[in-house]
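**Q** My structure is in data.cif, and what it holds is mmCIF, C-alpha atoms:
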```
data_query
loop_
_atom_site.label_atom_id
_atom_site.label_comp_id
_atom_site.auth_asym_id
_atom_site.auth_seq_id
_atom_site.Cartn_x
_atom_site.Cartn_y
_atom_site.Cartn_z
CA ARG A 1 -10.13 8.16 -25.07
CA HIS A 2 -6.97 6.94 -26.71
CA SER A 3 -4.28 4.78 -25.10
CA GLY A 4 -1.76 7.64 -24.74
CA HIS A 5 -4.16 9.45 -22.43
CA ALA A 6 -4.85 6.27 -20.44
CA LEU A 7 -1.13 5.79 -19.80
CA ARG A 8 -1.01 9.21 -18.14
CA VAL A 9 -3.80 8.27 -15.70
CA PRO A 10 -2.20 7.46 -12.32
CA GLY A 11 -2.27 3.74 -11.62
CA VAL A 12 -2.75 2.49 -15.17
CA THR A 13 0.95 2.01 -15.92
CA PRO A 14 1.66 -0.03 -12.75
CA VAL A 15 -1.31 -2.30 -13.50
CA LEU A 16 -0.15 -2.81 -17.09
CA LEU A 17 3.43 -3.48 -15.97
CA VAL A 18 2.23 -6.05 -13.42
CA THR A 19 0.06 -7.66 -16.11
CA LEU A 20 2.93 -7.93 -18.59
CA VAL A 21 5.47 -9.36 -16.15
CA PHE A 22 3.10 -11.60 -14.14
CA VAL A 23 1.65 -13.23 -17.28
CA LEU A 24 5.18 -13.62 -18.68
CA ALA A 25 6.32 -15.33 -15.46
CA HIS A 26 3.31 -17.66 -15.38
CA THR A 27 3.58 -18.60 -19.05
CA VAL A 28 7.32 -19.34 -18.98
CA LEU A 29 6.60 -22.30 -16.70
CA TYR A 30 3.01 -23.15 -17.63
CA ALA A 31 3.76 -23.53 -21.35
CA TYR A 32 6.49 -26.07 -20.55
CA VAL A 33 5.04 -27.71 -17.45
CA ALA A 34 4.94 -31.09 -19.21
CA ALA A 35 8.63 -30.83 -20.09
CA TYR A 36 9.40 -29.70 -16.53
CA LEU A 37 7.48 -32.62 -15.02
CA ASP A 38 9.15 -35.02 -17.45
CA HIS A 39 12.50 -33.68 -16.19
CA LEU A 40 11.37 -34.61 -12.65
CA GLY A 41 10.37 -38.10 -13.72
CA MET A 42 6.69 -37.17 -13.39
CA GLY A 43 5.82 -37.02 -17.08
CA ASP A 44 3.06 -39.60 -16.59
CA SER A 45 1.48 -37.36 -13.92
CA THR A 46 1.11 -34.18 -15.99
CA ASP A 47 -2.68 -34.55 -16.14
CA LEU A 48 -2.97 -34.96 -12.35
CA VAL A 49 -0.63 -32.05 -11.66
CA LEU A 50 -2.67 -29.85 -14.02
CA LEU A 51 -5.89 -31.09 -12.39
CA THR A 52 -4.47 -30.01 -9.02
CA PHE A 53 -3.53 -26.63 -10.52
CA GLY A 54 -7.05 -26.33 -11.95
CA ALA A 55 -8.72 -27.14 -8.63
CA GLY A 56 -6.59 -24.48 -6.93
CA SER A 57 -7.51 -22.02 -9.69
CA LEU A 58 -11.24 -22.67 -9.26
CA LEU A 59 -10.97 -22.05 -5.53
CA SER A 60 -9.01 -18.85 -6.24
CA ILE A 61 -11.67 -17.62 -8.68
CA TRP A 62 -14.36 -18.20 -6.04
CA ILE A 63 -12.39 -16.40 -3.30
CA VAL A 64 -11.53 -13.47 -5.58
CA GLY A 65 -15.14 -13.20 -6.76
CA ALA A 66 -16.34 -13.02 -3.18
CA LYS A 67 -13.68 -10.58 -1.90
CA ILE A 68 -12.42 -8.46 -4.82
CA HIS A 69 -14.38 -5.28 -4.16
CA ARG A 70 -12.97 -4.84 -0.66
CA HIS A 71 -9.61 -6.58 -0.95
CA LEU A 72 -8.20 -6.18 -4.49
CA ARG A 73 -4.76 -5.11 -3.22
CA THR A 74 -4.48 -7.87 -0.60
CA LEU A 75 -5.67 -10.52 -3.07
CA THR A 76 -3.16 -9.35 -5.72
CA VAL A 77 -0.31 -9.47 -3.20
CA ALA A 78 -1.50 -12.89 -2.00
CA GLY A 79 -1.72 -14.22 -5.57
CA THR A 80 1.80 -13.02 -6.34
CA VAL A 81 3.19 -14.53 -3.13
CA LEU A 82 1.40 -17.86 -3.67
CA VAL A 83 2.69 -18.23 -7.24
CA ALA A 84 6.19 -17.28 -6.04
CA ALA A 85 5.93 -19.84 -3.21
CA ALA A 86 4.90 -22.49 -5.73
CA ALA A 87 7.85 -21.60 -7.97
CA ALA A 88 10.20 -21.72 -4.97
CA LEU A 89 8.92 -25.18 -4.02
CA LEU A 90 9.42 -26.38 -7.59
CA ALA A 91 12.88 -24.81 -7.77
CA VAL A 92 14.19 -26.14 -4.46
CA LEU A 93 12.14 -29.16 -3.37
CA SER A 94 11.01 -30.71 -6.64
CA ASP A 95 12.61 -34.06 -5.73
CA SER A 96 9.50 -34.67 -3.61
CA HIS A 97 6.58 -35.58 -5.87
CA THR A 98 4.17 -34.74 -3.05
CA LEU A 99 5.55 -31.20 -2.88
CA VAL A 100 5.12 -30.85 -6.65
CA TYR A 101 1.38 -31.37 -6.07
CA VAL A 102 1.45 -28.87 -3.19
CA ALA A 103 3.21 -26.42 -5.50
CA ALA A 104 0.60 -27.00 -8.23
CA ALA A 105 -2.21 -26.31 -5.75
CA LEU A 106 -0.51 -23.12 -4.48
CA TRP A 107 0.17 -22.02 -8.07
CA GLY A 108 -3.49 -22.46 -9.01
CA LEU A 109 -4.64 -20.77 -5.82
CA GLY A 110 -2.38 -17.80 -6.59
CA TRP A 111 -3.03 -17.61 -10.32
CA GLY A 112 -6.75 -18.37 -10.75
CA GLY A 113 -8.06 -14.98 -9.70
CA ILE A 114 -5.26 -12.91 -11.23
CA PRO A 115 -7.06 -12.21 -14.54
CA THR A 116 -10.09 -10.82 -12.68
CA LEU A 117 -7.91 -8.84 -10.26
CA LEU A 118 -5.86 -7.23 -13.03
CA GLN A 119 -8.87 -6.43 -15.23
CA THR A 120 -10.63 -4.84 -12.25
CA ALA A 121 -7.49 -2.90 -11.27
CA ALA A 122 -7.12 -1.61 -14.85
CA ALA A 123 -10.77 -0.54 -15.03
CA ASP A 124 -10.65 1.12 -11.60
CA ALA A 125 -7.36 2.90 -12.29
CA GLY A 126 -8.42 3.93 -15.80
CA GLY A 127 -11.53 5.80 -14.68
CA ALA A 128 -12.85 7.67 -17.74
CA SER A 129 -10.13 5.94 -19.79
CA ALA A 130 -11.06 2.45 -18.55
CA ASP A 131 -11.83 1.15 -22.06
CA ALA A 132 -8.38 2.13 -23.33
CA ALA A 133 -6.74 0.68 -20.20
CA GLN A 134 -8.63 -2.59 -20.71
CA ALA A 135 -7.65 -2.74 -24.38
CA MET A 136 -3.98 -2.25 -23.49
CA LEU A 137 -4.27 -4.90 -20.76
CA VAL A 138 -5.60 -7.47 -23.24
CA THR A 139 -2.87 -6.59 -25.76
CA LEU A 140 -0.12 -6.86 -23.14
CA TRP A 141 -1.62 -10.09 -21.78
CA ASN A 142 -1.42 -11.71 -25.21
CA ALA A 143 2.06 -10.32 -25.89
CA ALA A 144 3.23 -11.67 -22.52
CA MET A 145 1.80 -15.12 -23.31
CA ALA A 146 3.65 -15.17 -26.63
CA ALA A 147 6.86 -13.89 -25.05
CA GLY A 148 6.54 -16.40 -22.20
CA GLY A 149 6.31 -19.23 -24.67
CA VAL A 150 9.38 -18.01 -26.54
CA ALA A 151 11.39 -17.23 -23.37
CA GLY A 152 10.47 -20.55 -21.79
CA GLY A 153 11.53 -22.42 -24.92
CA ILE A 154 14.84 -20.59 -25.05
CA LEU A 155 15.48 -21.26 -21.34
CA LEU A 156 14.52 -24.91 -21.71
CA ASP A 157 16.86 -25.33 -24.67
CA ALA A 158 19.78 -23.27 -23.36
CA VAL A 159 19.76 -24.00 -19.62
CA GLY A 160 17.33 -26.85 -19.03
CA ALA A 161 14.06 -27.38 -17.19
CA THR A 162 15.49 -26.35 -13.82
CA ALA A 163 15.67 -22.73 -15.05
CA LEU A 164 11.90 -22.45 -15.47
CA PRO A 165 10.74 -22.10 -11.84
CA TRP A 166 13.73 -19.88 -11.02
CA SER A 167 12.74 -17.53 -13.85
CA VAL A 168 9.24 -17.27 -12.34
CA LEU A 169 10.78 -16.20 -9.03
CA VAL A 170 13.03 -13.63 -10.69
CA LEU A 171 10.11 -12.14 -12.64
CA LEU A 172 7.69 -12.06 -9.70
CA ALA A 173 10.05 -10.04 -7.49
CA PRO A 174 9.46 -6.78 -9.43
CA VAL A 175 5.75 -7.62 -9.71
CA LEU A 176 5.47 -7.69 -5.93
CA VAL A 177 7.45 -4.45 -5.62
CA VAL A 178 5.19 -2.64 -8.11
CA VAL A 179 1.97 -3.89 -6.50
CA LEU A 180 3.19 -2.84 -3.05
CA ALA A 181 4.40 0.55 -4.33
CA ALA A 182 1.14 1.31 -6.21
CA ARG A 183 -0.83 1.70 -2.96
CA THR A 184 -2.41 5.03 -3.90
CA HIS A 185 -3.26 4.32 -7.58
CA GLY A 186 -3.33 0.96 -9.34
CA PHE A 187 -3.57 -1.33 -6.32
CA PRO A 188 -4.96 1.05 -3.67
CA ARG A 189 -5.47 0.21 -0.03
CA GLY A 190 -9.00 -0.43 1.16
#
```
Represent the structure of the file as structure tokens.
**A**
Amino acid sequence: RHSGHALRVPGVTPVLLVTLVFVLAHTVLYAYVAAYLDHLGMGDSTDLVLLTFGAGSLLSIWIVGAKIHRHLRTLTVAGTVLVAAAAALLAVLSDSHTLVYVAAALWGLGWGGIPTLLQTAAADAGGASADAAQAMLVTLWNAAMAAGGVAGGILLDAVGATALPWSVLVLLAPVLVVVLAARTHGFPRG
């Protein structure tokens, strides 16, 4: 089945939209996390902050792997909220180095399982067109990573590092709305 047909399958478009915007939001900050930490005076701690993010991500992957088949919607909402909470901490309370580590852990905990959740949502929503939905997901994922790198660089240059976590918050608001709205197809209940 071709991609045009897959886009007409209920639920596929919301999943692809969430993929595009969530990956964009994540990448805007992640690609420039070293510059952001340097701005906070934590440039020497980038490796430890990323280690904290990675530990949170591993825990997230384990939780998602154990719970995805019964709780895909709840886990997707939780992941979105956790990444938004991390961005909010970084945006508002980044003068506390301890809270930067808390934010990194929350970010990892929210983000780690997102690839699995979105791929599963696309396959489930796609049904007979699952292969086309998956192909579009991968394409949008990569486009969002590229766009996130560009957008983050432009923000960093034009506004400064403080704009990065705020942009994550702005982008995740519609992600949460779409996930919550797609309760019948895309991110169904139960």
**Q** Could you list, as a PyMOL selection string, every residue matched by the PyMOL selection byres ((chain A and resi 85) around 12) in this structure?
**A** chain A and resi 78-84+86-93+99-100+102-111+165-166+168-169+172-173
**Q** Could you spell out the hits of the PyMOL selection byres ((chain A and resi 13-30) around 8) on the shown file, as a tab-separated table (two decimals) with C-alpha atoms, in the frame of the given file?
**A**
```
chain	number	residue	atom	x	y	z
A	7	LEU	CA	-1.13	5.79	-19.80
A	8	ARG	CA	-1.01	9.21	-18.14
A	9	VAL	CA	-3.80	8.27	-15.70
A	10	PRO	CA	-2.20	7.46	-12.32
A	11	GLY	CA	-2.27	3.74	-11.62
A	12	VAL	CA	-2.75	2.49	-15.17
A	31	ALA	CA	3.76	-23.53	-21.35
A	32	TYR	CA	6.49	-26.07	-20.55
A	33	VAL	CA	5.04	-27.71	-17.45
A	36	TYR	CA	9.40	-29.70	-16.53
A	118	LEU	CA	-5.86	-7.23	-13.03
A	121	ALA	CA	-7.49	-2.90	-11.27
A	122	ALA	CA	-7.12	-1.61	-14.85
A	136	MET	CA	-3.98	-2.25	-23.49
A	137	LEU	CA	-4.27	-4.90	-20.76
A	140	LEU	CA	-0.12	-6.86	-23.14
A	141	TRP	CA	-1.62	-10.09	-21.78
A	143	ALA	CA	2.06	-10.32	-25.89
A	144	ALA	CA	3.23	-11.67	-22.52
A	145	MET	CA	1.80	-15.12	-23.31
A	147	ALA	CA	6.86	-13.89	-25.05
A	148	GLY	CA	6.54	-16.40	-22.20
A	149	GLY	CA	6.31	-19.23	-24.67
A	150	VAL	CA	9.38	-18.01	-26.54
A	151	ALA	CA	11.39	-17.23	-23.37
A	152	GLY	CA	10.47	-20.55	-21.79
A	153	GLY	CA	11.53	-22.42	-24.92
A	164	LEU	CA	11.90	-22.45	-15.47
A	165	PRO	CA	10.74	-22.10	-11.84
A	167	SER	CA	12.74	-17.53	-13.85
A	168	VAL	CA	9.24	-17.27	-12.34
A	169	LEU	CA	10.78	-16.20	-9.03
A	171	LEU	CA	10.11	-12.14	-12.64
A	172	LEU	CA	7.69	-12.06	-9.70
A	175	VAL	CA	5.75	-7.62	-9.71
A	178	VAL	CA	5.19	-2.64	-8.11
A	179	VAL	CA	1.97	-3.89	-6.50
A	182	ALA	CA	1.14	1.31	-6.21
A	186	GLY	CA	-3.33	0.96	-9.34
A	187	PHE	CA	-3.57	-1.33	-6.32
```
**Q** Name the residues captured by the PyMOL selection byres ((chain A and resi 39) around 12) when it is applied to the shown file; answer as a compact mmCIF listing (two decimals) with C-alpha atoms, in the coordinates of the input.
**A**
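Wrote it out as selection01.txt, contents follow:
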```
# COMPACT_ATOMS: atom_id res chain seq x y z
CA TYR A 32 6.49 -26.07 -20.55
CA VAL A 33 5.04 -27.71 -17.45
CA ALA A 34 4.94 -31.09 -19.21
CA ALA A 35 8.63 -30.83 -20.09
CA TYR A 36 9.40 -29.70 -16.53
CA LEU A 37 7.48 -32.62 -15.02
CA ASP A 38 9.15 -35.02 -17.45
CA LEU A 40 11.37 -34.61 -12.65
CA GLY A 41 10.37 -38.10 -13.72
CA MET A 42 6.69 -37.17 -13.39
CA GLY A 43 5.82 -37.02 -17.08
CA ASP A 44 3.06 -39.60 -16.59
CA SER A 45 1.48 -37.36 -13.92
CA THR A 46 1.11 -34.18 -15.99
CA LEU A 90 9.42 -26.38 -7.59
CA SER A 94 11.01 -30.71 -6.64
CA ASP A 95 12.61 -34.06 -5.73
CA LEU A 156 14.52 -24.91 -21.71
CA GLY A 160 17.33 -26.85 -19.03
CA ALA A 161 14.06 -27.38 -17.19
CA THR A 162 15.49 -26.35 -13.82
CA ALA A 163 15.67 -22.73 -15.05
CA LEU A 164 11.90 -22.45 -15.47
```
**Q** Kindly indicate which residue among A:Leu51, A:Ala123, A:Val77, A:Ile63 lies nearest to Leu180 of chain A, using only C-alpha atoms for the distances.
**A**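 Counting only C-alpha atoms, the residue closest to Leu180 of chain A is A:Val77.
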**Q** So, with only C-alpha atoms as the atoms that count, which of A:Asp157, A:Gln119, A:Ile68, A:Ala146 lies closest to Ala132 of chain A?
**A**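 Using only C-alpha atoms, Ala132 of chain A sits closest to A:Gln119.
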**Q** Could you work out how far atom CA of Ala6 of chain A lies from atom CA of Val138 of chain A, giving the answer in Å with one decimal?
**A**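 Separating atom CA of Val138 of chain A from atom CA of Ala6 of chain A is a distance of 14.0 Å.
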**Q** Find the residue from A:Gly190, A:Gly126, A:Gly113, A:Pro174 that sits nearest to Ser57 of chain A; use all atoms listed in the file when measuring.
**A**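 Under the stated criterion, the closest residue is A:Gly113.
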**Q** What is the distance between atom CA of His69 of chain A and atom CA of Asp131 of chain A, in Å to one decimal?
**A**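 About the pair atom CA of His69 of chain A and atom CA of Asp131 of chain A: they are 19.2 Å apart.
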**Q** Go ahead and compute the interatomic distance for atom CA of Ala181 of chain A and atom CA of Arg73 of chain A, in Å to one decimal.
**A**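 If I compute the distance from atom CA of Ala181 of chain A to atom CA of Arg73 of chain A, I get 10.8 Å.
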**Q** Ranking A:Ala158, A:Val170, A:Thr139, A:Ile61 by minimum distance to Thr116 of chain A and counting all atoms listed in the file, which one comes first?
**A** A:Ile61
